[in-house]
Amino acid sequence: MPESHRKFRRAAEKTRVVSPPAAHVPQISAVNTSYIMPWHWLCMRSSFRLPTDLALIVVLAIALFWTFFNVNMLDPGNIGWLLRGTDNGENALGLHAWLNDPHAGLWRTQMLNAPEGVALLFTDSNPLLATIVAPFRHLIGREFQVVGPWLLACLMLHLGLARALLAPYAPNRWMLWAGVLVLALLPSLYLRQIHVNLCAHWLILWALWIYASPHRASDWRWWIAVLVTAALIHSYLLLMVAAIWGSAFLERLANADGGWVARRRLLAGAVVVMVAVGLVLGLLIDRGGFVATGTFGRFGMPLDAPWNPAIGGLSRFLPASAQAPDRQLEAFQYLGAGLLLMIITMPFALATTRNAPSPATGLHRRLCWLLPAGAVLTLLAISHRVDFAGSTLFTLPLSPRALAALDPVRASARLFWPVAYGLLFAAITAAYRLPIAQGRLLMALVVAIQLLDVGGLARLTHAETAAAQDRTIWKRTTDPRWQSAIASARDVTIMPPDATRQLDLFQEIAWRAIDAGRPVRLVYAARTNRVTAARLIAEERAFAQGVLDPHRLYVLLPDAPLPPVAPDRLLVLDGVRVILPLRDAGQDAPRGH
């Protein structure tokens, strides 16, 4: 028996006679009861040390932010870099509209996509963060952003929850924090900075932390907390957390102590959870039915994605093979050479320590209940179009009804994230079961390799966030006459009514319109409802026929036809044609070129 395990057993024998009351002993299913006290002793050894651990979490989060991102993102008054046609720009725009909307509803604004309005969640904004910020909006000022601060907060929460997740199983603090760093170096966490809501990977760690304890996993209140929080951040994260909750429910239902009484309690708790989450979703999403995108499978995960960096120079150790041209960033699921090593060594660590006492023994048995959910999530991540090394191997035939049902998870590659974290959690705790010297060597090797491997990723994300260095707000709408042109109208639209064609232009015009208190007739939304789609078609048809709203400012894209209009209503601002509202429809508008 290794010396570390002999010490573990001797400590158990010393403390066996002073075991705490049963009510205070953590419940562990499928674990020999003689290991209950060692488990409790190890938890005490790894207890949270304030303020040391909090300080370490803050320092590590700042170091990671500085390594991967431009620090100018953290300035709340720095908004210009967000108006450059990105998803983060939509995030900031949605919050800006909601906070400055005199008729805003609960997580809904009428300033975008007027007159129907749009749910805050569908603007890629963050309803949870909006709720937190709203009471302070008068103190902060009109022009501010929370995209960068949210990203730093996500890193802090990620590190804190990784520490809480691993603490009961780490044999010492060095290996604990090495494991925390391993869980914080998944490349997809940093590459998702283009859509910061999806950087809330800490929700997955929170769900795993609940799952890891049979006592917490049986308590519906924990699951309501994490599921509602996920719903208020992003629907994909809600789906990931829900998969972990479903696995926990099935495991507890099968192994619950107390027979049918305990099972009925679990079933009642599950109903409460589903009702609560359903009510929150009812407040978050748009009504009127969604228009199908027909893109399920386009953003699926290739079979080689976990070990394929996909982008040349991204990895120091593994070669990159280009993905199919239409896969885009969504398909990126590279784990990194260090994390791959961590996962590959897991079976060997488990095999060599299968008879050794460890607090993680029962954990690994319970983690097996995650396998069905992990398999389903992986299949959804791959989708019906199966790719490998940039080529499509085959496409499974699906009925139109099945494709419509799967349309809400069109960016399905994201669904692999909980699988990756689950594998890493199991692999790290398997390494914790090794003799101390071997465990330390493995963890040090994994951390070193992963840090070296993500150097290319850090350069890439730094380049993508370098725009935050430029404090200029307006790039597409520099002409001062934009302000008076927008103010002279009752509302603003773009023709053709497609915000994505020149998203940077749309974002600047929409931001100016919100500042002027003028609603915008369209929006770049995650989902479009049928009512809005029908209205936009009707407005485009009326515009083509020369039927213009006299109170509206029309911004014309280059391919938009010019309907018959009085010459004094046509204006060119920064190379963009606009049709001004009639003079008697509002304030005097600027005239001439």
# chains A, B, ... in the order shown; residues from 1 in each chain; ligands from 1
$ residues_around --residues "Asp387 of chain A" --least-positions-apart "3" --cutoff "9 Å" --atoms "only C-alpha atoms" --output "list in words"
Gly300, Met301, Pro302, Leu303, Asp304, Gln323, Ala324, Ile382, Gly390, Ser391, Thr392, Leu393, Phe394 and Thr395 of chain A
$ select_by_dssp --residues "segment 336-536 of chain A" --states "strand (DSSP E)" --output "count of residues only"
14
$ closest_atom_pairs --of "segment 182-223 of chain A" --to "segment 461-485 of chain A" --cutoff "10 Å" --atoms "only C-alpha atoms" --output "CSV"
residue,atom,partner,partner_atom,distance
A:Tyr190,CA,A:Thr461,CA,7.3
A:Leu191,CA,A:Thr461,CA,6.6
A:Arg192,CA,A:Thr461,CA,9.3
A:Gln193,CA,A:Thr461,CA,7.8
A:Ile194,CA,A:Glu464,CA,8.3
$ closest_residue --among "A:Val228, A:Leu165, A:Ile311, A:Val572" --to "Ala276 of chain A" --atoms "only C-alpha atoms"
A:Val228
$ residues_around --residues "Gly439 of chain A" --least-positions-apart "5" --cutoff "10 Å" --atoms "only C-alpha atoms" --output "ChimeraX atom specification"
/A:171,175,349,428-434,444-445
$ write_last_selection --atoms "N, CA and C atoms" --output "PDB file, in the first residue's frame"
ATOM      1  N   PRO A 171      -5.819  15.937  -1.964  1.00  0.00           N
ATOM      2  CA  PRO A 171      -5.011  15.493  -0.829  1.00  0.00           C
ATOM      3  C   PRO A 171      -4.185  16.601  -0.196  1.00  0.00           C
ATOM      4  N   MET A 175      -2.157  20.438  -4.870  1.00  0.00           N
ATOM      5  CA  MET A 175      -2.891  19.700  -5.898  1.00  0.00           C
ATOM      6  C   MET A 175      -4.301  20.257  -6.087  1.00  0.00           C
ATOM      7  N   ALA A 349      -5.163   5.831 -13.882  1.00  0.00           N
ATOM      8  CA  ALA A 349      -5.203   6.228 -12.473  1.00  0.00           C
ATOM      9  C   ALA A 349      -6.275   5.454 -11.719  1.00  0.00           C
ATOM     10  N   ILE A 428      -9.365  14.665 -12.835  1.00  0.00           N
ATOM     11  CA  ILE A 428      -8.619  15.330 -11.764  1.00  0.00           C
ATOM     12  C   ILE A 428      -8.776  14.571 -10.453  1.00  0.00           C
ATOM     13  N   THR A 429      -9.989  14.175 -10.130  1.00  0.00           N
ATOM     14  CA  THR A 429     -10.197  13.439  -8.880  1.00  0.00           C
ATOM     15  C   THR A 429      -9.585  12.044  -8.947  1.00  0.00           C
ATOM     16  N   ALA A 430      -9.461  11.481 -10.147  1.00  0.00           N
ATOM     17  CA  ALA A 430      -8.731  10.209 -10.278  1.00  0.00           C
ATOM     18  C   ALA A 430      -7.253  10.420  -9.984  1.00  0.00           C
ATOM     19  N   ALA A 431      -6.697  11.543 -10.451  1.00  0.00           N
ATOM     20  CA  ALA A 431      -5.295  11.856 -10.151  1.00  0.00           C
ATOM     21  C   ALA A 431      -5.094  12.074  -8.659  1.00  0.00           C
ATOM     22  N   TYR A 432      -6.114  12.608  -7.985  1.00  0.00           N
ATOM     23  CA  TYR A 432      -6.020  12.800  -6.543  1.00  0.00           C
ATOM     24  C   TYR A 432      -5.910  11.473  -5.779  1.00  0.00           C
ATOM     25  N   ARG A 433      -6.333  10.386  -6.408  1.00  0.00           N
ATOM     26  CA  ARG A 433      -6.258   9.074  -5.759  1.00  0.00           C
ATOM     27  C   ARG A 433      -4.866   8.448  -5.858  1.00  0.00           C
ATOM     28  N   LEU A 434      -4.025   8.992  -6.724  1.00  0.00           N
ATOM     29  CA  LEU A 434      -2.676   8.462  -6.885  1.00  0.00           C
ATOM     30  C   LEU A 434      -1.825   8.777  -5.653  1.00  0.00           C
ATOM     31  N   ALA A 444       1.393  18.684 -12.291  1.00  0.00           N
ATOM     32  CA  ALA A 444       2.360  19.690 -12.749  1.00  0.00           C
ATOM     33  C   ALA A 444       2.585  19.582 -14.248  1.00  0.00           C
ATOM     34  N   LEU A 445       2.681  18.368 -14.744  1.00  0.00           N
ATOM     35  CA  LEU A 445       2.892  18.146 -16.174  1.00  0.00           C
ATOM     36  C   LEU A 445       1.697  18.647 -16.981  1.00  0.00           C
TER      37      LEU A 445
END
$ closest_atom_pairs --of "segment 210-286 of chain A" --to "segment 404-424 of chain A" --cutoff "12 Å" --atoms "only C-alpha atoms" --output "tab-separated table"
residue	atom	partner	partner_atom	distance
A:Tyr211	CA	A:Gly422	CA	10.8
A:Ala212	CA	A:Gly422	CA	10.8
A:His234	CA	A:Arg414	CA	11.8
A:Ser235	CA	A:Pro408	CA	9.4
A:Tyr236	CA	A:Leu415	CA	7.5
A:Leu237	CA	A:Leu415	CA	8.4
A:Leu238	CA	A:Leu415	CA	10.6
A:Leu239	CA	A:Leu415	CA	8.2
A:Met240	CA	A:Pro418	CA	6.3
A:Val241	CA	A:Pro418	CA	8.0
A:Ala242	CA	A:Pro418	CA	10.6
A:Ala243	CA	A:Pro418	CA	8.8
A:Ile244	CA	A:Pro418	CA	8.2
A:Trp245	CA	A:Pro418	CA	11.8
$ write_last_selection --atoms "N, CA and C atoms" --output "PDB file, in the first residue's frame"
ATOM      1  N   TYR A 211     -24.274  18.218  -7.875  1.00  0.00           N
ATOM      2  CA  TYR A 211     -24.385  16.802  -8.201  1.00  0.00           C
ATOM      3  C   TYR A 211     -23.445  15.959  -7.338  1.00  0.00           C
ATOM      4  N   ALA A 212     -22.251  16.474  -7.052  1.00  0.00           N
ATOM      5  CA  ALA A 212     -21.227  15.686  -6.370  1.00  0.00           C
ATOM      6  C   ALA A 212     -21.631  15.282  -4.960  1.00  0.00           C
ATOM      7  N   HIS A 234     -28.329  32.471 -20.336  1.00  0.00           N
ATOM      8  CA  HIS A 234     -28.371  31.999 -21.724  1.00  0.00           C
ATOM      9  C   HIS A 234     -29.093  30.653 -21.790  1.00  0.00           C
ATOM     10  N   SER A 235     -29.907  30.483 -22.821  1.00  0.00           N
ATOM     11  CA  SER A 235     -30.718  29.270 -22.940  1.00  0.00           C
ATOM     12  C   SER A 235     -29.870  28.016 -23.156  1.00  0.00           C
ATOM     13  N   TYR A 236     -28.740  28.133 -23.849  1.00  0.00           N
ATOM     14  CA  TYR A 236     -27.888  26.960 -24.043  1.00  0.00           C
ATOM     15  C   TYR A 236     -27.309  26.488 -22.711  1.00  0.00           C
ATOM     16  N   LEU A 237     -26.917  27.423 -21.864  1.00  0.00           N
ATOM     17  CA  LEU A 237     -26.399  27.056 -20.552  1.00  0.00           C
ATOM     18  C   LEU A 237     -27.488  26.421 -19.699  1.00  0.00           C
ATOM     19  N   LEU A 238     -28.711  26.878 -19.864  1.00  0.00           N
ATOM     20  CA  LEU A 238     -29.831  26.245 -19.164  1.00  0.00           C
ATOM     21  C   LEU A 238     -29.970  24.790 -19.571  1.00  0.00           C
ATOM     22  N   LEU A 239     -29.852  24.516 -20.866  1.00  0.00           N
ATOM     23  CA  LEU A 239     -29.961  23.139 -21.346  1.00  0.00           C
ATOM     24  C   LEU A 239     -28.844  22.267 -20.775  1.00  0.00           C
ATOM     25  N   MET A 240     -27.631  22.806 -20.702  1.00  0.00           N
ATOM     26  CA  MET A 240     -26.508  22.040 -20.165  1.00  0.00           C
ATOM     27  C   MET A 240     -26.718  21.709 -18.691  1.00  0.00           C
ATOM     28  N   VAL A 241     -27.124  22.719 -17.923  1.00  0.00           N
ATOM     29  CA  VAL A 241     -27.348  22.503 -16.495  1.00  0.00           C
ATOM     30  C   VAL A 241     -28.521  21.554 -16.279  1.00  0.00           C
ATOM     31  N   ALA A 242     -29.547  21.679 -17.110  1.00  0.00           N
ATOM     32  CA  ALA A 242     -30.702  20.794 -16.985  1.00  0.00           C
ATOM     33  C   ALA A 242     -30.326  19.331 -17.223  1.00  0.00           C
ATOM     34  N   ALA A 243     -29.370  19.088 -18.109  1.00  0.00           N
ATOM     35  CA  ALA A 243     -28.925  17.711 -18.349  1.00  0.00           C
ATOM     36  C   ALA A 243     -28.272  17.128 -17.097  1.00  0.00           C
ATOM     37  N   ILE A 244     -27.483  17.937 -16.387  1.00  0.00           N
ATOM     38  CA  ILE A 244     -26.851  17.481 -15.148  1.00  0.00           C
ATOM     39  C   ILE A 244     -27.912  17.263 -14.070  1.00  0.00           C
ATOM     40  N   TRP A 245     -28.879  18.168 -13.989  1.00  0.00           N
ATOM     41  CA  TRP A 245     -29.965  18.005 -13.020  1.00  0.00           C
ATOM     42  C   TRP A 245     -30.759  16.733 -13.302  1.00  0.00           C
TER      43      TRP A 245
END
$ closest_residue --among "A:Glu143, A:Asp75, A:Ala178, A:Leu267" --to "Leu60 of chain A" --atoms "only C-alpha atoms"
A:Ala178
$ residues_around --residues "Leu112 of chain A" --least-positions-apart "4" --cutoff "9 Å" --atoms "only C-alpha atoms" --output "number ranges by chain"
A: 94, 97-98, 116-118, 510, 514, 519-523
$ atom_distance --atom1 "atom CA of Glu251 of chain A" --atom2 "atom CA of Gln333 of chain A"
28.2 Å
$ closest_residue --among "A:Met495, A:Leu573, A:Leu121, A:Leu227" --to "Ala560 of chain A" --atoms "only C-alpha atoms"
A:Met495
$ select_by_dssp --residues "segment 306-478 of chain A" --states "helix (DSSP H, G or I)" --output "NGL selection string"
:A and (306-307 or 329-331 or 337-352 or 361-382 or 400-409 or 412-432 or 436-453 or 455-464 or 466-469)
$ closest_residue --among "A:Gly294, A:Val447, A:Phe388, A:Leu183" --to "Arg401 of chain A" --atoms "only C-alpha atoms"
A:Gly294
$ closest_residue --among "A:Arg583, A:Trp174, A:Val277, A:Arg263" --to "Ile224 of chain A" --atoms "only C-alpha atoms"
A:Val277
$ closest_residue --among "A:Ile79, A:Leu442, A:Leu106, A:Ala426" --to "Val146 of chain A" --atoms "only C-alpha atoms"
A:Ile79
$ atom_distance --atom1 "atom CA of Gly517 of chain A" --atom2 "atom CA of Gln502 of chain A"
22.3 Å
$ residues_around --residues "Thr528 of chain A" --least-positions-apart "3" --cutoff "8 Å" --atoms "only C-alpha atoms" --output "NGL selection string"
:A and (290-291 or 525 or 532-533)
$ decode --residues "segment 297-322 of chain A" --atoms "N, CA and C atoms" --output "PDB file, in the first residue's frame"
ATOM      1  N   GLY A 297     -27.290  21.555 -37.487  1.00  0.00           N
ATOM      2  CA  GLY A 297     -26.225  20.780 -38.110  1.00  0.00           C
ATOM      3  C   GLY A 297     -25.121  21.628 -38.705  1.00  0.00           C
ATOM      4  N   ARG A 298     -25.426  22.890 -39.022  1.00  0.00           N
ATOM      5  CA  ARG A 298     -24.397  23.743 -39.625  1.00  0.00           C
ATOM      6  C   ARG A 298     -23.291  24.053 -38.627  1.00  0.00           C
ATOM      7  N   PHE A 299     -23.638  24.159 -37.351  1.00  0.00           N
ATOM      8  CA  PHE A 299     -22.666  24.511 -36.320  1.00  0.00           C
ATOM      9  C   PHE A 299     -22.411  23.333 -35.385  1.00  0.00           C
ATOM     10  N   GLY A 300     -22.426  22.137 -35.940  1.00  0.00           N
ATOM     11  CA  GLY A 300     -22.164  20.944 -35.152  1.00  0.00           C
ATOM     12  C   GLY A 300     -20.674  20.748 -34.900  1.00  0.00           C
ATOM     13  N   MET A 301     -20.374  19.792 -34.020  1.00  0.00           N
ATOM     14  CA  MET A 301     -18.994  19.516 -33.638  1.00  0.00           C
ATOM     15  C   MET A 301     -18.423  18.400 -34.492  1.00  0.00           C
ATOM     16  N   PRO A 302     -17.322  18.619 -35.212  1.00  0.00           N
ATOM     17  CA  PRO A 302     -16.669  17.526 -35.935  1.00  0.00           C
ATOM     18  C   PRO A 302     -16.149  16.469 -34.961  1.00  0.00           C
ATOM     19  N   LEU A 303     -16.026  15.246 -35.449  1.00  0.00           N
ATOM     20  CA  LEU A 303     -15.573  14.154 -34.583  1.00  0.00           C
ATOM     21  C   LEU A 303     -14.179  14.406 -34.020  1.00  0.00           C
ATOM     22  N   ASP A 304     -13.349  15.105 -34.770  1.00  0.00           N
ATOM     23  CA  ASP A 304     -11.975  15.345 -34.322  1.00  0.00           C
ATOM     24  C   ASP A 304     -11.811  16.658 -33.564  1.00  0.00           C
ATOM     25  N   ALA A 305     -12.902  17.339 -33.272  1.00  0.00           N
ATOM     26  CA  ALA A 305     -12.808  18.660 -32.647  1.00  0.00           C
ATOM     27  C   ALA A 305     -12.068  18.661 -31.309  1.00  0.00           C
ATOM     28  N   PRO A 306     -12.233  17.665 -30.432  1.00  0.00           N
ATOM     29  CA  PRO A 306     -11.536  17.739 -29.143  1.00  0.00           C
ATOM     30  C   PRO A 306     -10.019  17.771 -29.254  1.00  0.00           C
ATOM     31  N   TRP A 307      -9.449  17.201 -30.294  1.00  0.00           N
ATOM     32  CA  TRP A 307      -7.987  17.220 -30.435  1.00  0.00           C
ATOM     33  C   TRP A 307      -7.521  17.968 -31.681  1.00  0.00           C
ATOM     34  N   ASN A 308      -8.409  18.641 -32.372  1.00  0.00           N
ATOM     35  CA  ASN A 308      -8.056  19.402 -33.570  1.00  0.00           C
ATOM     36  C   ASN A 308      -8.125  20.896 -33.271  1.00  0.00           C
ATOM     37  N   PRO A 309      -6.977  21.604 -33.206  1.00  0.00           N
ATOM     38  CA  PRO A 309      -7.013  23.052 -32.933  1.00  0.00           C
ATOM     39  C   PRO A 309      -7.744  23.852 -34.001  1.00  0.00           C
ATOM     40  N   ALA A 310      -7.879  23.293 -35.203  1.00  0.00           N
ATOM     41  CA  ALA A 310      -8.651  23.893 -36.299  1.00  0.00           C
ATOM     42  C   ALA A 310      -8.010  25.136 -36.896  1.00  0.00           C
ATOM     43  N   ILE A 311      -7.284  25.913 -36.107  1.00  0.00           N
ATOM     44  CA  ILE A 311      -6.661  27.151 -36.568  1.00  0.00           C
ATOM     45  C   ILE A 311      -5.155  26.983 -36.485  1.00  0.00           C
ATOM     46  N   GLY A 312      -4.464  27.221 -37.573  1.00  0.00           N
ATOM     47  CA  GLY A 312      -3.015  27.084 -37.597  1.00  0.00           C
ATOM     48  C   GLY A 312      -2.335  27.996 -36.580  1.00  0.00           C
ATOM     49  N   GLY A 313      -1.384  27.460 -35.837  1.00  0.00           N
ATOM     50  CA  GLY A 313      -0.658  28.230 -34.837  1.00  0.00           C
ATOM     51  C   GLY A 313      -1.359  28.333 -33.509  1.00  0.00           C
ATOM     52  N   LEU A 314      -2.552  27.753 -33.386  1.00  0.00           N
ATOM     53  CA  LEU A 314      -3.277  27.843 -32.125  1.00  0.00           C
ATOM     54  C   LEU A 314      -2.671  26.929 -31.063  1.00  0.00           C
ATOM     55  N   SER A 315      -2.145  25.784 -31.481  1.00  0.00           N
ATOM     56  CA  SER A 315      -1.563  24.820 -30.550  1.00  0.00           C
ATOM     57  C   SER A 315      -0.076  24.667 -30.816  1.00  0.00           C
ATOM     58  N   ARG A 316       0.691  24.503 -29.728  1.00  0.00           N
ATOM     59  CA  ARG A 316       2.119  24.264 -29.864  1.00  0.00           C
ATOM     60  C   ARG A 316       2.431  22.799 -30.134  1.00  0.00           C
ATOM     61  N   PHE A 317       1.512  21.906 -29.815  1.00  0.00           N
ATOM     62  CA  PHE A 317       1.830  20.489 -29.808  1.00  0.00           C
ATOM     63  C   PHE A 317       1.057  19.654 -30.832  1.00  0.00           C
ATOM     64  N   LEU A 318      -0.151  20.082 -31.182  1.00  0.00           N
ATOM     65  CA  LEU A 318      -0.989  19.266 -32.061  1.00  0.00           C
ATOM     66  C   LEU A 318      -1.244  19.992 -33.371  1.00  0.00           C
ATOM     67  N   PRO A 319      -1.233  19.261 -34.485  1.00  0.00           N
ATOM     68  CA  PRO A 319      -1.458  19.903 -35.793  1.00  0.00           C
ATOM     69  C   PRO A 319      -2.914  20.295 -35.966  1.00  0.00           C
ATOM     70  N   ALA A 320      -3.119  21.343 -36.738  1.00  0.00           N
ATOM     71  CA  ALA A 320      -4.472  21.840 -36.995  1.00  0.00           C
ATOM     72  C   ALA A 320      -4.937  21.376 -38.367  1.00  0.00           C
ATOM     73  N   SER A 321      -6.171  20.934 -38.420  1.00  0.00           N
ATOM     74  CA  SER A 321      -6.806  20.574 -39.677  1.00  0.00           C
ATOM     75  C   SER A 321      -8.019  21.474 -39.850  1.00  0.00           C
ATOM     76  N   ALA A 322      -8.074  22.195 -40.963  1.00  0.00           N
ATOM     77  CA  ALA A 322      -9.156  23.158 -41.169  1.00  0.00           C
ATOM     78  C   ALA A 322     -10.513  22.474 -41.146  1.00  0.00           C
TER      79      ALA A 322
END
